[in-house]
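Trainee: Dumping the structure here so I can ask a few things about it.
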Amino acid sequence: MEICTSPEEMRALEAAAGPTVVVMTMGALHAGHTQLMDVARGYAGTSGRVVVTIFVNPRQFGPTEDFDSYPRTFKRDLQLCEEHEVDVVFAPDVEQMYPSAETSVSTIAITAGVLGDILEGVQRPGHFDGMLTIVAKLFHLTKPNIALFGEKDYQQLVLIRDMVHALDWPLHVVGVPTVRDDDGLACSSRNKFLSKSGRSQAAAVPRALQAGVQVAHRGTDAIVRSVTQVLHKADLAPDYVEVRGADLSADPNTGEARLLVAVPVEGVRLIDNTAVNLGEHA
């Protein structure tokens, strides 16, 4: 396994014979990430290359968010990458990715547009601009044919697909289903900040999603009501509970849609989502 710590090292790699498949992470790797690595290996085959990027992107964090305290477990991350047959780890530092951040008169960035201002964008202004900008830079440096992203961050996945389409990038973006722990909670690097009681309380989030799925045939109002009831019973107050189209369009009426929630637990903001079928019996 090769470890590249600068853009120059990444550019210097010879092209792989087969497809290059990239998995982008902020480190603190968990089962959701290793699932992405395993799926990536399947796409790359024996002649291709699996690249995992590890970069905690400051432009995705607001002024009150947890950039400094975000978990960093680089040595363990490298071990997991090697165990899951990753070929290249690209782990640059902030100065290498944003070398002119302190001196540039203007900051060049990709804007997420209206879909970046809903859901997570309401609570985290500018988050998706920062996310798309670093994803674009990493695409340029890793040159993938295929990029894998988890469906847990569904809004992120939709926006990345939109960016790739809008900018005519010659790559395929694949969404990989959310990996969950035994209690149903979606795997996340921030779960480790939950206490034992907080973890127990947080298990209401996946239960609430399933409650929404069960009443999806009754429409969006019934879904939101059912989800909210389960969360309130667990003494949880969601930041939002919304049903949107699969492309995040507003007010879907029938067919495939997405139920998305954000729920603070002990100061840890948990986001989750699931597919729902409106007008169809579960």
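Scheme for the structure tokens: letters A, B, ... for chains in order shown; per-chain residue numbers from 1; ligand numbers from 1 in order shown.
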Quick one: residues within 6 Å of A:Ala262, only C-alpha atoms counted, chain neighbours fewer than 3 positions away excluded, as an MDAnalysis selection string?
Mentor: chainID A and resid 238:240 270:271
Trainee: List the spatial neighbours of A:Thr20 as a list in words - criterion: any atom at most 7 Å away, only C-alpha atoms, same-chain residues fewer than 2 positions off excluded.
Mentor: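 Near A:Thr20, the qualifying residues are Ala16, Gly18, Val22, Ala44, Gly48, Arg49, Val50, Pro144, Asn145 and Ile146 of chain A.
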Trainee: Restricted to C-alpha atoms, what would the selected residues look like written as a short mmCIF file (atom, residue, chain, number, x, y, z; two decimals), in the first residue's frame?
Mentor:
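This is the output file out.cif:
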```cif
data_model
loop_
_atom_site.label_atom_id
_atom_site.label_comp_id
_atom_site.auth_asym_id
_atom_site.auth_seq_id
_atom_site.Cartn_x
_atom_site.Cartn_y
_atom_site.Cartn_z
CA ALA A 16 -3.38 1.78 -13.12
CA GLY A 18 -7.70 -1.08 -14.65
CA VAL A 22 -11.83 6.41 -4.92
CA ALA A 44 -11.39 -2.13 -9.27
CA GLY A 48 -7.45 -1.54 -10.95
CA ARG A 49 -6.56 0.75 -8.06
CA VAL A 50 -8.46 1.58 -4.85
CA PRO A 144 -10.98 8.20 -10.53
CA ASN A 145 -13.19 6.36 -12.96
CA ILE A 146 -15.58 5.52 -10.12
#
```
Trainee: List every residue of stretch 9-205 of chain A that DSSP, applied to the backbone, labels as helix (DSSP H, G or I), and write the result as a count of residues only.
Mentor: 86
Trainee: Can you tell me, as a PyMOL selection string, what residues are no more than 10 Å from A:Asp251 when counting only C-alpha atoms, ignoring any on the same chain fewer than 4 positions away?
Mentor: chain A and resi 220+242-245+257
Trainee: Take the residues that were just selected and, keeping C-alpha atoms, output them as a PDB file, in the first residue's frame.
Mentor:
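result39.pdb, written as the output of this step:
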```pdb
ATOM      1  CA  THR A 220     -45.826  12.492   3.729  1.00  0.00           C
ATOM      2  CA  GLU A 242     -38.568  15.846   5.934  1.00  0.00           C
ATOM      3  CA  VAL A 243     -39.733  13.754   3.018  1.00  0.00           C
ATOM      4  CA  ARG A 244     -38.238  14.748  -0.322  1.00  0.00           C
ATOM      5  CA  GLY A 245     -37.984  13.280  -3.783  1.00  0.00           C
ATOM      6  CA  ALA A 257     -38.877   9.351  -2.104  1.00  0.00           C
TER       7      ALA A 257
END
```
Trainee: Mind checking which residues fall within 12 Å of A:Val215, counting only C-alpha atoms, ignoring those fewer than 6 positions away in the same chain, and posting them as a count of residues only?
Mentor: 17
Trainee: Of the candidates A:Gly32, A:Gly113, A:Gly42, A:Gly219, which shows the shortest atom-to-atom distance to A:Asp162, using only C-alpha atoms?
Mentor: A:Gly113
Trainee: What's the separation between atom CA of A:Met37 and atom CA of A:Gln79, in Å to one decimal place?
Mentor: 12.8 Å
Trainee: Go through A:Val21, A:Pro170, A:Pro125, A:Met131 one by one, measure the shortest atom-to-atom distance of each to A:Glu65 using only C-alpha atoms, and give the residue with the smallest value.
Mentor: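 Using only C-alpha atoms, A:Glu65 sits closest to A:Pro125.
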